[in-house]
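Chemist: Attaching a single structure in structure tokens format; questions to follow.
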Amino acid sequence: MSTELPLIENLKKRIPGLEKNWSRYKNMLRERKVPARTILIHKGENTKSIFLVRKGCLRIWFDDKGKDITIAFFFENRAIGSLHSYRGTTATSQFLLESIEPTDLYEISGEDAATLYHENEELRDYLLEYTLERFDTYMRLFLSRIRESPEERYLNLIREQPDIISRIPQHYIASYLGVTPVSLSRIRNRVWKEQKGK
């Protein structure tokens, strides 16, 4: 795999220390190819690894008494790790990180990530920005469950995140929208009939 990932290239432009020391830092990226349905972070783990998606898709989810609840999807050029592990506590992950498709990714160990943060203060600023962006996304998801009907959530997903509609299996989309697969099928049929009638 080539390390020419847009996320990495943008960070190198933004953070001079990364560009200057890239010949050393690039060895911190461990290449991995994982099949679909591979668990990368288990519930109850305390892992500080960071994953960068080169090709494929990951999802964050949790098991609520046997009910699968999907929180987010991560496609190409996105980074994800367990935020619990970076709070300076012994807290473990409450979620699972799993591949949905066969996925090519880079993994950076917690030890190497700590070196990068220590040697590049601007990287901490980027991490804060990224964390706030994710928090905003999760807050919008939370509010949509309160304010919007399932059909409104589905229509918003079509408009705002078409990659999810085109690439993700329907049962995962249902889990993300907070509905059953049967309900999602009814919503899809209703939306399709309404659009066909226009």
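Letters A, B, ... mark the chains of the structure tokens in the order given; residue numbers begin at 1 per chain; ligand numbers begin at 1, in order shown.
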When you look at Pro102 in chain A with a cut-off of 7 Å (counting only C-alpha atoms), what residues show up, excluding the ones that are within fewer than 2 positions of it in the same chain? I need them as a list in words.

Modeler: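 Listed by chain and then number, they are Val34, Pro35, Ala36, Gly56, Ser99 and Ile100 of chain A.
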
Chemist: If you keep N, CA and C atoms, can you produce a file of those selected residues as a PDB file, in the first residue's frame?

Modeler:
```
ATOM      1  N   VAL A  34      -7.842  -6.105   6.114  1.00  0.00           N
ATOM      2  CA  VAL A  34      -8.732  -6.930   6.928  1.00  0.00           C
ATOM      3  C   VAL A  34      -9.982  -7.271   6.134  1.00  0.00           C
ATOM      4  N   PRO A  35     -10.491  -8.490   6.292  1.00  0.00           N
ATOM      5  CA  PRO A  35     -11.745  -8.840   5.607  1.00  0.00           C
ATOM      6  C   PRO A  35     -12.935  -8.141   6.255  1.00  0.00           C
ATOM      7  N   ALA A  36     -14.063  -8.197   5.595  1.00  0.00           N
ATOM      8  CA  ALA A  36     -15.297  -7.643   6.174  1.00  0.00           C
ATOM      9  C   ALA A  36     -15.596  -8.350   7.492  1.00  0.00           C
ATOM     10  N   GLY A  56     -12.148   1.129   1.874  1.00  0.00           N
ATOM     11  CA  GLY A  56     -13.093   0.304   2.605  1.00  0.00           C
ATOM     12  C   GLY A  56     -13.954   1.118   3.538  1.00  0.00           C
ATOM     13  N   SER A  99     -14.920  -3.642  10.590  1.00  0.00           N
ATOM     14  CA  SER A  99     -14.932  -3.400   9.148  1.00  0.00           C
ATOM     15  C   SER A  99     -16.245  -3.933   8.565  1.00  0.00           C
ATOM     16  N   ILE A 100     -16.811  -3.173   7.647  1.00  0.00           N
ATOM     17  CA  ILE A 100     -18.028  -3.611   6.954  1.00  0.00           C
ATOM     18  C   ILE A 100     -17.652  -4.241   5.614  1.00  0.00           C
TER      19      ILE A 100
END
```

Chemist: Based on DSSP run over this structure's backbone, return all residues of range 30-98 of chain A in strand (DSSP E or B), as a PyMOL selection string.

Modeler: chain A and resi 30-34+39-41+50-55+58-64+67-74+79-81+96-98

Chemist: Skipping near chain neighbours, those fewer than 2 positions away, what residues fall within 9 Å of range 126-138 of chain A using only C-alpha atoms, listed as number ranges by chain?

Modeler: A: 11, 71-72, 83, 122-124, 140-143

Chemist: Using only C-alpha atoms, which of A:Ala174, A:Leu155, A:Ile108, A:Ile60 sits nearest Gln195 in chain A?

Modeler: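 Nearest candidate to Gln195 in chain A out of A:Ala174, A:Leu155, A:Ile108, A:Ile60: A:Leu155.
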
Chemist: What's around Leu52 in chain A at 9 Å? Count only C-alpha atoms, leave out sequence neighbours fewer than 2 positions away in its own chain, and write the answer as a list in words.

Modeler: Leu5, Leu7, Ile50, Arg54, Glu76, Asn77, Arg78, Ala79, Ile80, Gly81, Asp104, Leu105, Tyr106, Glu107 and Ile108 of chain A

Chemist: I'd like to know which of A:Lys12, A:Phe51, A:Phe95, A:Arg37 is closest to Asp63 in chain A, using only C-alpha atoms.

Modeler: A:Phe95

Chemist: I'd like the neighbourhood of Phe73 in chain A as a PDB file with N, CA, C and O atoms, in the first residue's frame, where a residue qualifies if any of its atoms comes within 8 Å (using only C-alpha atoms), though same-chain residues fewer than 3 positions away should be ignored.

Modeler:
```
ATOM      1  N   CYS A  57     -14.498   0.461   4.543  1.00  0.00           N
ATOM      2  CA  CYS A  57     -15.404   1.142   5.475  1.00  0.00           C
ATOM      3  C   CYS A  57     -15.381   0.462   6.838  1.00  0.00           C
ATOM      4  O   CYS A  57     -15.382  -0.763   6.940  1.00  0.00           O
ATOM      5  N   LEU A  58     -15.354   1.287   7.880  1.00  0.00           N
ATOM      6  CA  LEU A  58     -15.450   0.822   9.258  1.00  0.00           C
ATOM      7  C   LEU A  58     -16.718   1.399   9.872  1.00  0.00           C
ATOM      8  O   LEU A  58     -17.231   2.422   9.419  1.00  0.00           O
ATOM      9  N   ARG A  59     -17.203   0.753  10.909  1.00  0.00           N
ATOM     10  CA  ARG A  59     -18.336   1.316  11.644  1.00  0.00           C
ATOM     11  C   ARG A  59     -18.096   1.171  13.144  1.00  0.00           C
ATOM     12  O   ARG A  59     -17.446   0.230  13.605  1.00  0.00           O
ATOM     13  N   ILE A  60     -18.642   2.137  13.895  1.00  0.00           N
ATOM     14  CA  ILE A  60     -18.645   2.069  15.356  1.00  0.00           C
ATOM     15  C   ILE A  60     -20.046   1.653  15.770  1.00  0.00           C
ATOM     16  O   ILE A  60     -21.035   2.223  15.294  1.00  0.00           O
ATOM     17  N   ILE A 164     -23.392   6.385   2.306  1.00  0.00           N
ATOM     18  CA  ILE A 164     -23.968   5.378   3.200  1.00  0.00           C
ATOM     19  C   ILE A 164     -25.067   4.608   2.477  1.00  0.00           C
ATOM     20  O   ILE A 164     -25.122   3.373   2.525  1.00  0.00           O
TER      21      ILE A 164
END
```

Chemist: Which residue out of A:Lys33, A:Arg190, A:Arg145, A:Arg14 has the minimum interatomic distance to Asn120 in chain A when only C-alpha atoms are used?

Modeler: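 When distances to Asn120 in chain A are compared using only C-alpha atoms, the smallest one comes from A:Arg14.
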